[in-house]
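Undergrad: Below is a structure I'd like to ask you about.
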Amino acid sequence: MTPSEPLAAGSAAPPSDVYDVALLDLDGVVYVGPEAVPGVPDALAAARTAGMRLGFVTNNAARTPDEVAHHLTELGVPAAADDVITSSQAAATVVAGLLAPGARVLPVGGPGVAAALTAAGLVVVDRAEDEPAAVVQGYGPGVGWVQLAEAIVAIRNGARHVATNLDATIPSPRGPLPGNGAMVRVVTDVTGQAPLVTGKPDPAMHAECVRRTGARRPLVVGDRLDTDIEGARRAGAASLLVFSGVTDPATLLAARPDHRPDLLSADAAGLLTPHPAVVAEGQGRRCRSWTARPAEADDVLVLEADGPEDEGDGDELDGLRALCVAHWARHPADGAPARIVPRGERAAAGLERWGLVPDGTAA
Ligand SMILES: [Mg+2]
């Protein structure tokens, strides 16, 4: 279902006309912290007007689907609890399948974790002495040493360690902050045991959202490569990477094959615009007026823009699209860092805009 070469095909029509359901990640896509990503509520309303349906698929385990739906509705993205799938629900489903009904489970995380476990017919306890059969660990901004210590004792006593997700970071208005993956590592550093992980990139949540919505041609929209994009690939769905969250262009360029998206935009308003194709031109790749071609020697790409500025400004990503496809064509099987030489002022300005220095690492 996905184009064979990431980013190359683009989308001649706006994705909102091509795909029937958008499976939207939340943190870094719809909102960052409490606030909506500017323009995104209006863009999602326009996508709905165009006939696209929306499902919300979040690795953030802190809140219940009801609370998430309420927050979305407040931000101008009307949603019902059934439109939201959290990694807490995915973890609860998996744990309920592993354990007998009424089994005791110790939750670590926000209220969403305990609520999902209770809804799945499990009994929530808060002490290792209650002999839980599993510890389910999800994100919660109130998680501290006391909860982590309790989880470690329970796991050492034989409880199964289940993590809702391993996102190392969570986007915030102050930049990336510790996500559940960072807190899970505190536990695993002590226990020495790897957890069972149930959220994205496991395809179960995307598959459940497809089942609920009856999507025939879903598009996953996300800001993380190792959860959203990898999860989309595993679910056989197309993907749109947005730069409103934790991924920057340097990280995208160095992405390994299963982390490479089909489409790229600054934010979720990219649902409403066509995406230019990237075509082969000799040994290089062209996206509208931008080309990225191999240099004579070494593993270097020369980036250049010719002709008039591209129409539809606001989309300033064409050169990055050309760079990604050219770099990935030379590195089909790995995530080597790109080395880039700009030619001309537009190319130099492009690299600066994307936070790249000429060797392709982060500025
Ligand atoms: Mg995200």
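Chain labels run A, B, ... following the order of the structure tokens; each chain numbers its residues from 1, and ligands are numbered from 1 in the order shown.
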Using only C-alpha atoms and all ligand atoms, find each residue with an atom at most 7 Å away from ligand 1 and format the answer as a list in words.
TA: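 Taking only C-alpha atoms and all ligand atoms into account, the residues around ligand 1 at most 7 Å away are Asp25, Leu26, Asp27, Gly28, Val29, Gly222, Asp223, Arg224 and Gly245 of chain A.
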Undergrad: Would you mind exporting the chosen residues as a CSV table (one decimal), in the first residue's frame, restricted to C-alpha atoms?
TA:
chain,number,residue,atom,x,y,z
A,25,ASP,CA,-0.8,11.3,16.7
A,26,LEU,CA,-1.5,14.0,19.3
A,27,ASP,CA,1.6,15.3,21.2
A,28,GLY,CA,3.6,17.2,18.6
A,29,VAL,CA,1.0,17.0,15.9
A,222,GLY,CA,3.0,11.8,13.3
A,223,ASP,CA,6.0,13.6,14.5
A,224,ARG,CA,8.2,10.6,15.6
A,245,GLY,CA,7.1,18.0,17.2
Undergrad: Which residues are close to A:Val221, i.e. within 8 Å by only C-alpha atoms, leaving aside same-chain residues fewer than 5 positions away? Reply as a list in words.
TA: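 Listed by chain and then number, they are Ala22, Leu23, Leu24, Asp25, Val29, Asp228, Ser239, Leu240, Leu241, Val242 and Ala268 of chain A.
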Undergrad: Produce a file of the selected residues containing C-alpha atoms, as an mmCIF file, in the first residue's frame.
TA:
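Output file selection-v8.cif is given in full below:
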data_model
loop_
_atom_site.group_PDB
_atom_site.id
_atom_site.type_symbol
_atom_site.label_atom_id
_atom_site.label_comp_id
_atom_site.auth_asym_id
_atom_site.auth_seq_id
_atom_site.Cartn_x
_atom_site.Cartn_y
_atom_site.Cartn_z
ATOM 1 C CA ALA A 22 -6.207 10.390 9.122
ATOM 2 C CA LEU A 23 -4.773 8.457 12.085
ATOM 3 C CA LEU A 24 -3.369 11.407 14.000
ATOM 4 C CA ASP A 25 -0.757 11.311 16.702
ATOM 5 C CA VAL A 29 0.955 16.963 15.914
ATOM 6 C CA ASP A 228 4.480 6.906 14.291
ATOM 7 C CA SER A 239 2.539 8.136 6.549
ATOM 8 C CA LEU A 240 2.942 11.909 6.788
ATOM 9 C CA LEU A 241 5.776 13.250 8.978
ATOM 10 C CA VAL A 242 5.228 16.700 10.477
ATOM 11 C CA ALA A 268 -0.790 18.885 9.883
#
Undergrad: Measuring between only C-alpha atoms, which one of A:Val197, A:Ala215, A:Thr191, A:Ser244 shows the shortest distance to A:Ala269?
TA: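 Of A:Val197, A:Ala215, A:Thr191, A:Ser244, the one nearest A:Ala269 is A:Ser244, counting only C-alpha atoms.
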Undergrad: Name the residues in contact with A:Glu129 at a cut-off of 10 Å, using only C-alpha atoms, excluding same-chain residues fewer than 4 positions from it; report them as a PyMOL selection string.
TA: chain A and resi 125+150+153-154+157
Undergrad: Quick one: write out the picked residues with C-alpha atoms as a CSV table (one decimal), in the first residue's frame?
TA:
chain,number,residue,atom,x,y,z
A,125,VAL,CA,-3.0,-2.2,43.4
A,150,GLU,CA,7.5,0.2,44.1
A,153,VAL,CA,10.3,-4.3,43.9
A,154,ALA,CA,7.2,-5.8,42.3
A,157,ASN,CA,9.3,-10.3,43.0
Undergrad: Need the shell around stretch 36-50 of chain A: protein/DNA/RNA residues with any atom at most 9 Å away, counting only C-alpha atoms. Skip same-chain ones fewer than 6 positions apart. Format as a VMD selection string?
TA: chain A and resid 15 to 17 28 to 30 72 75 to 78 244 267 to 272
Undergrad: From the options A:Leu303, A:Ile85, A:Ala280, A:Val18, which residue's atoms come nearest to A:Ala207, counting only C-alpha atoms?
TA: A:Ile85
Undergrad: Residues within 12 Å of A:Leu122, please, as JSON, numbers by chain. Count only C-alpha atoms; anything in the same chain fewer than 3 positions from it doesn't count.
TA: {"A": [91, 92, 93, 94, 95, 96, 97, 98, 99, 100, 101, 102, 103, 104, 105, 106, 107, 113, 114, 115, 116, 117, 118, 119, 125, 132, 133, 134, 135, 136]}
Undergrad: Save the residues we just selected, N, CA and C atoms, as a PDB file, in the first residue's frame?
TA:
ATOM      1  N   ALA A  91      -2.098  -1.406  26.282  1.00  0.00           N
ATOM      2  CA  ALA A  91      -1.416  -2.187  27.320  1.00  0.00           C
ATOM      3  C   ALA A  91      -2.423  -3.007  28.121  1.00  0.00           C
ATOM      4  N   ALA A  92      -3.557  -2.394  28.459  1.00  0.00           N
ATOM      5  CA  ALA A  92      -4.567  -3.104  29.254  1.00  0.00           C
ATOM      6  C   ALA A  92      -5.107  -4.308  28.486  1.00  0.00           C
ATOM      7  N   THR A  93      -5.312  -4.147  27.180  1.00  0.00           N
ATOM      8  CA  THR A  93      -5.801  -5.257  26.362  1.00  0.00           C
ATOM      9  C   THR A  93      -4.793  -6.408  26.364  1.00  0.00           C
ATOM     10  N   VAL A  94      -3.508  -6.053  26.204  1.00  0.00           N
ATOM     11  CA  VAL A  94      -2.464  -7.089  26.179  1.00  0.00           C
ATOM     12  C   VAL A  94      -2.365  -7.785  27.536  1.00  0.00           C
ATOM     13  N   VAL A  95      -2.360  -7.006  28.622  1.00  0.00           N
ATOM     14  CA  VAL A  95      -2.209  -7.595  29.965  1.00  0.00           C
ATOM     15  C   VAL A  95      -3.423  -8.457  30.306  1.00  0.00           C
ATOM     16  N   ALA A  96      -4.618  -7.990  29.945  1.00  0.00           N
ATOM     17  CA  ALA A  96      -5.820  -8.781  30.215  1.00  0.00           C
ATOM     18  C   ALA A  96      -5.772 -10.113  29.468  1.00  0.00           C
ATOM     19  N   GLY A  97      -5.096 -10.115  28.300  1.00  0.00           N
ATOM     20  CA  GLY A  97      -4.948 -11.366  27.555  1.00  0.00           C
ATOM     21  C   GLY A  97      -3.930 -12.313  28.172  1.00  0.00           C
ATOM     22  N   LEU A  98      -2.978 -11.740  28.903  1.00  0.00           N
ATOM     23  CA  LEU A  98      -1.922 -12.563  29.509  1.00  0.00           C
ATOM     24  C   LEU A  98      -2.344 -13.141  30.849  1.00  0.00           C
ATOM     25  N   LEU A  99      -3.199 -12.415  31.583  1.00  0.00           N
ATOM     26  CA  LEU A  99      -3.515 -12.767  32.968  1.00  0.00           C
ATOM     27  C   LEU A  99      -4.971 -13.197  33.087  1.00  0.00           C
ATOM     28  N   ALA A 100      -5.281 -13.850  34.204  1.00  0.00           N
ATOM     29  CA  ALA A 100      -6.666 -14.247  34.470  1.00  0.00           C
ATOM     30  C   ALA A 100      -7.491 -13.011  34.822  1.00  0.00           C
ATOM     31  N   PRO A 101      -8.803 -13.044  34.547  1.00  0.00           N
ATOM     32  CA  PRO A 101      -9.665 -11.913  34.949  1.00  0.00           C
ATOM     33  C   PRO A 101      -9.530 -11.659  36.451  1.00  0.00           C
ATOM     34  N   GLY A 102      -9.485 -10.395  36.818  1.00  0.00           N
ATOM     35  CA  GLY A 102      -9.370 -10.055  38.230  1.00  0.00           C
ATOM     36  C   GLY A 102      -7.950 -10.105  38.762  1.00  0.00           C
ATOM     37  N   ALA A 103      -6.961 -10.346  37.891  1.00  0.00           N
ATOM     38  CA  ALA A 103      -5.558 -10.369  38.331  1.00  0.00           C
ATOM     39  C   ALA A 103      -5.153  -8.981  38.817  1.00  0.00           C
ATOM     40  N   ARG A 104      -4.185  -8.954  39.738  1.00  0.00           N
ATOM     41  CA  ARG A 104      -3.737  -7.677  40.314  1.00  0.00           C
ATOM     42  C   ARG A 104      -2.609  -7.082  39.466  1.00  0.00           C
ATOM     43  N   VAL A 105      -2.724  -5.781  39.211  1.00  0.00           N
ATOM     44  CA  VAL A 105      -1.733  -5.077  38.390  1.00  0.00           C
ATOM     45  C   VAL A 105      -1.373  -3.766  39.082  1.00  0.00           C
ATOM     46  N   LEU A 106      -0.083  -3.461  39.079  1.00  0.00           N
ATOM     47  CA  LEU A 106       0.406  -2.193  39.650  1.00  0.00           C
ATOM     48  C   LEU A 106       0.616  -1.191  38.514  1.00  0.00           C
ATOM     49  N   PRO A 107      -0.165  -0.107  38.477  1.00  0.00           N
ATOM     50  CA  PRO A 107       0.069   0.903  37.436  1.00  0.00           C
ATOM     51  C   PRO A 107       1.101   1.930  37.877  1.00  0.00           C
ATOM     52  N   VAL A 113      -3.620   5.240  33.001  1.00  0.00           N
ATOM     53  CA  VAL A 113      -3.109   3.866  33.090  1.00  0.00           C
ATOM     54  C   VAL A 113      -4.039   3.028  33.954  1.00  0.00           C
ATOM     55  N   ALA A 114      -4.313   3.494  35.166  1.00  0.00           N
ATOM     56  CA  ALA A 114      -5.176   2.735  36.084  1.00  0.00           C
ATOM     57  C   ALA A 114      -6.587   2.591  35.515  1.00  0.00           C
ATOM     58  N   ALA A 115      -7.102   3.654  34.900  1.00  0.00           N
ATOM     59  CA  ALA A 115      -8.468   3.604  34.362  1.00  0.00           C
ATOM     60  C   ALA A 115      -8.592   2.541  33.275  1.00  0.00           C
ATOM     61  N   ALA A 116      -7.580   2.433  32.418  1.00  0.00           N
ATOM     62  CA  ALA A 116      -7.634   1.447  31.335  1.00  0.00           C
ATOM     63  C   ALA A 116      -7.562   0.030  31.901  1.00  0.00           C
ATOM     64  N   LEU A 117      -6.739  -0.164  32.944  1.00  0.00           N
ATOM     65  CA  LEU A 117      -6.620  -1.500  33.550  1.00  0.00           C
ATOM     66  C   LEU A 117      -7.937  -1.912  34.195  1.00  0.00           C
ATOM     67  N   THR A 118      -8.558  -0.990  34.910  1.00  0.00           N
ATOM     68  CA  THR A 118      -9.847  -1.282  35.553  1.00  0.00           C
ATOM     69  C   THR A 118     -10.904  -1.604  34.497  1.00  0.00           C
ATOM     70  N   ALA A 119     -10.908  -0.817  33.418  1.00  0.00           N
ATOM     71  CA  ALA A 119     -11.890  -1.046  32.353  1.00  0.00           C
ATOM     72  C   ALA A 119     -11.704  -2.411  31.697  1.00  0.00           C
ATOM     73  N   VAL A 125      -3.613  -2.288  42.087  1.00  0.00           N
ATOM     74  CA  VAL A 125      -3.036  -2.176  43.430  1.00  0.00           C
ATOM     75  C   VAL A 125      -1.901  -1.163  43.383  1.00  0.00           C
ATOM     76  N   PRO A 132       1.309  -7.907  42.799  1.00  0.00           N
ATOM     77  CA  PRO A 132       0.762  -7.765  41.446  1.00  0.00           C
ATOM     78  C   PRO A 132       1.425  -8.740  40.486  1.00  0.00           C
ATOM     79  N   ALA A 133       0.655  -9.226  39.496  1.00  0.00           N
ATOM     80  CA  ALA A 133       1.197 -10.130  38.482  1.00  0.00           C
ATOM     81  C   ALA A 133       1.875  -9.345  37.371  1.00  0.00           C
ATOM     82  N   ALA A 134       1.581  -8.058  37.266  1.00  0.00           N
ATOM     83  CA  ALA A 134       2.208  -7.224  36.239  1.00  0.00           C
ATOM     84  C   ALA A 134       2.341  -5.794  36.745  1.00  0.00           C
ATOM     85  N   VAL A 135       3.329  -5.103  36.209  1.00  0.00           N
ATOM     86  CA  VAL A 135       3.485  -3.659  36.381  1.00  0.00           C
ATOM     87  C   VAL A 135       3.267  -3.044  35.010  1.00  0.00           C
ATOM     88  N   VAL A 136       2.321  -2.099  34.900  1.00  0.00           N
ATOM     89  CA  VAL A 136       2.110  -1.415  33.626  1.00  0.00           C
ATOM     90  C   VAL A 136       2.577   0.025  33.782  1.00  0.00           C
TER      91      VAL A 136
END
Undergrad: So, with only C-alpha atoms as the atoms that count, which of A:Ala297, A:Leu166, A:Ala338, A:Ala266 lies closest to A:Leu196?
TA: A:Leu166
Undergrad: So how many Å separate atom CA of A:Ala238 and atom CA of A:Asn60, to one decimal?
TA: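 Value for the atom CA of A:Ala238-atom CA of A:Asn60 distance: 21.9 Å.
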Undergrad: Per DSSP on the backbone, filter stretch 113-235 of chain A down to the residues in alpha helix (DSSP H) and report them as a PDB file with C-alpha atoms, in the first residue's frame.
TA:
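That gives us selection_10.pdb:
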ATOM      1  CA  VAL A 113      -3.109   3.866  33.090  1.00  0.00           C
ATOM      2  CA  ALA A 114      -5.176   2.735  36.084  1.00  0.00           C
ATOM      3  CA  ALA A 115      -8.468   3.604  34.362  1.00  0.00           C
ATOM      4  CA  ALA A 116      -7.634   1.447  31.335  1.00  0.00           C
ATOM      5  CA  LEU A 117      -6.620  -1.500  33.550  1.00  0.00           C
ATOM      6  CA  THR A 118      -9.847  -1.282  35.553  1.00  0.00           C
ATOM      7  CA  ALA A 119     -11.890  -1.046  32.353  1.00  0.00           C
ATOM      8  CA  TRP A 145      10.955   7.878  42.853  1.00  0.00           C
ATOM      9  CA  VAL A 146       8.337   6.350  45.155  1.00  0.00           C
ATOM     10  CA  GLN A 147       6.263   4.865  42.302  1.00  0.00           C
ATOM     11  CA  LEU A 148       9.371   3.723  40.422  1.00  0.00           C
ATOM     12  CA  ALA A 149      10.771   2.020  43.528  1.00  0.00           C
ATOM     13  CA  GLU A 150       7.471   0.204  44.100  1.00  0.00           C
ATOM     14  CA  ALA A 151       7.494  -0.991  40.485  1.00  0.00           C
ATOM     15  CA  ILE A 152      11.080  -2.233  40.772  1.00  0.00           C
ATOM     16  CA  VAL A 153      10.312  -4.268  43.908  1.00  0.00           C
ATOM     17  CA  ALA A 154       7.212  -5.785  42.280  1.00  0.00           C
ATOM     18  CA  ILE A 155       9.155  -6.756  39.128  1.00  0.00           C
ATOM     19  CA  ARG A 156      11.959  -8.264  41.206  1.00  0.00           C
ATOM     20  CA  ASN A 180       7.955   7.373  29.197  1.00  0.00           C
ATOM     21  CA  GLY A 181      10.958   5.684  27.602  1.00  0.00           C
ATOM     22  CA  ALA A 182      13.312   7.698  29.802  1.00  0.00           C
ATOM     23  CA  MET A 183      11.369   6.684  32.928  1.00  0.00           C
ATOM     24  CA  VAL A 184      11.179   3.029  31.835  1.00  0.00           C
ATOM     25  CA  ARG A 185      14.961   3.007  31.566  1.00  0.00           C
ATOM     26  CA  VAL A 186      15.221   4.049  35.204  1.00  0.00           C
ATOM     27  CA  VAL A 187      13.375   0.825  36.053  1.00  0.00           C
ATOM     28  CA  THR A 188      15.180  -1.459  33.607  1.00  0.00           C
ATOM     29  CA  ASP A 189      18.586  -0.111  34.670  1.00  0.00           C
ATOM     30  CA  VAL A 190      17.813  -1.526  38.113  1.00  0.00           C
ATOM     31  CA  THR A 191      15.901  -4.710  37.214  1.00  0.00           C
ATOM     32  CA  ALA A 204      -2.028  -2.884  17.210  1.00  0.00           C
ATOM     33  CA  MET A 205      -3.223   0.677  17.934  1.00  0.00           C
ATOM     34  CA  HIS A 206      -3.277   1.742  14.288  1.00  0.00           C
ATOM     35  CA  ALA A 207      -5.026  -1.508  13.397  1.00  0.00           C
ATOM     36  CA  GLU A 208      -7.653  -0.916  16.111  1.00  0.00           C
ATOM     37  CA  CYS A 209      -8.253   2.625  14.810  1.00  0.00           C
ATOM     38  CA  VAL A 210      -8.634   1.270  11.267  1.00  0.00           C
ATOM     39  CA  ARG A 211     -11.138  -1.289  12.581  1.00  0.00           C
ATOM     40  CA  ARG A 212     -13.152   1.342  14.471  1.00  0.00           C
ATOM     41  CA  THR A 213     -13.272   3.800  11.579  1.00  0.00           C
ATOM     42  CA  GLU A 230       7.648   2.813  11.946  1.00  0.00           C
ATOM     43  CA  GLY A 231       4.166   1.942  13.273  1.00  0.00           C
ATOM     44  CA  ALA A 232       2.570   3.061  10.001  1.00  0.00           C
ATOM     45  CA  ARG A 233       4.964   0.905   7.983  1.00  0.00           C
ATOM     46  CA  ARG A 234       4.296  -2.116  10.183  1.00  0.00           C
ATOM     47  CA  ALA A 235       0.535  -1.551   9.786  1.00  0.00           C
TER      48      ALA A 235
END
Undergrad: Could you state the separation of atom CA of A:Gly158 and atom CA of A:Thr64 in Å, given to one decimal place?
TA: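 Rounded to one decimal, the two atoms are 28.0 Å apart.
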Undergrad: Could you give me, as an mmCIF file with C-alpha atoms, in the first residue's frame, the residues within 10 Å of A:His331, counting only C-alpha atoms and dropping anything in the same chain fewer than 6 positions from it?
TA:
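part.cif, freshly written:
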data_model
loop_
_atom_site.group_PDB
_atom_site.id
_atom_site.type_symbol
_atom_site.label_atom_id
_atom_site.label_comp_id
_atom_site.auth_asym_id
_atom_site.auth_seq_id
_atom_site.Cartn_x
_atom_site.Cartn_y
_atom_site.Cartn_z
ATOM 1 C CA ALA A 254 19.700 9.991 8.879
ATOM 2 C CA ALA A 255 16.576 7.842 9.225
ATOM 3 C CA ARG A 256 16.905 4.106 8.730
ATOM 4 C CA PRO A 257 14.659 2.578 6.035
ATOM 5 C CA ASP A 299 29.644 10.387 -0.130
ATOM 6 C CA VAL A 325 15.430 10.913 -1.594
ATOM 7 C CA PRO A 337 24.376 10.830 8.209
ATOM 8 C CA ALA A 338 24.190 12.995 5.081
#
Undergrad: Distance atom CA of A:Leu317-atom CA of A:Pro178, one decimal place?
TA: 28.7 Å
Undergrad: Just the residues within 7 Å of A:Gly138, please, counting only C-alpha atoms, with nothing from its chain fewer than 2 positions along; format it as number ranges by chain.
TA: A: 61-62, 88, 108-109, 113, 136, 140, 163-165, 180
Undergrad: Could you write those residues out with C-alpha atoms, as a PDB file, in the first residue's frame?
TA:
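result-v3.pdb, written as the output of this step:
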ATOM      1  CA  ALA A  61      -0.799   7.070  28.576  1.00  0.00           C
ATOM      2  CA  ALA A  62      -1.375   9.829  31.114  1.00  0.00           C
ATOM      3  CA  SER A  88      -2.877   2.605  28.115  1.00  0.00           C
ATOM      4  CA  VAL A 108       2.821   3.509  37.141  1.00  0.00           C
ATOM      5  CA  GLY A 109       1.801   6.690  35.341  1.00  0.00           C
ATOM      6  CA  VAL A 113      -3.109   3.866  33.090  1.00  0.00           C
ATOM      7  CA  VAL A 136       2.110  -1.415  33.626  1.00  0.00           C
ATOM      8  CA  GLY A 140       2.552  10.627  33.814  1.00  0.00           C
ATOM      9  CA  ALA A 163       5.540  -0.455  29.102  1.00  0.00           C
ATOM     10  CA  THR A 164       2.869   1.460  27.202  1.00  0.00           C
ATOM     11  CA  ASN A 165       5.597   2.936  24.964  1.00  0.00           C
ATOM     12  CA  ASN A 180       7.955   7.373  29.197  1.00  0.00           C
TER      13      ASN A 180
END
Undergrad: Go through stretch 274-348 of chain A and flag each residue having an atom no more than 12 Å from stretch 262-265 of chain A; for those, report the closest pair of atoms plus their distance in Å to one decimal, using only C-alpha atoms, ordered by chain and rising number, as a Markdown table.
TA:
| residue | atom | partner | partner_atom | distance |
| --- | --- | --- | --- | --- |
| A:Pro274 | CA | A:Leu263 | CA | 10.0 |
| A:His275 | CA | A:Leu263 | CA | 7.2 |
| A:Pro276 | CA | A:Leu263 | CA | 9.4 |
| A:Ala277 | CA | A:Leu263 | CA | 9.7 |
| A:Val278 | CA | A:Leu263 | CA | 10.9 |
| A:Gly314 | CA | A:Ser265 | CA | 10.1 |
| A:Asp315 | CA | A:Ser265 | CA | 7.6 |
| A:Glu316 | CA | A:Ser265 | CA | 9.0 |
| A:Leu317 | CA | A:Ser265 | CA | 7.3 |
| A:Asp318 | CA | A:Leu264 | CA | 9.5 |
| A:Gly319 | CA | A:Leu264 | CA | 11.7 |
| A:Leu320 | CA | A:Leu264 | CA | 9.4 |
| A:Arg321 | CA | A:Leu264 | CA | 7.8 |
| A:Ala322 | CA | A:Leu264 | CA | 11.6 |
| A:Cys324 | CA | A:Leu264 | CA | 10.6 |
| A:Val325 | CA | A:Asp262 | CA | 10.6 |
Undergrad: Selection from above, C-alpha atoms, as a compact mmCIF listing (two decimals), in the first residue's frame, can you write it?
TA:
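Writing the result to again.txt gives the following:
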# COMPACT_ATOMS: atom_id res chain seq x y z
CA PRO A 274 -0.50 18.71 -2.82
CA HIS A 275 2.97 17.28 -2.17
CA PRO A 276 5.46 17.57 -5.06
CA ALA A 277 7.07 14.40 -6.39
CA VAL A 278 10.83 13.83 -6.31
CA GLY A 314 4.93 28.40 2.61
CA ASP A 315 6.10 25.01 1.50
CA GLU A 316 9.82 25.46 1.94
CA LEU A 317 10.60 21.77 2.12
CA ASP A 318 11.23 20.90 -1.55
CA GLY A 319 15.01 21.01 -1.23
CA LEU A 320 14.85 18.79 1.85
CA ARG A 321 12.65 16.33 -0.08
CA ALA A 322 15.24 16.18 -2.87
CA CYS A 324 16.27 12.93 1.52
CA VAL A 325 15.43 10.91 -1.59
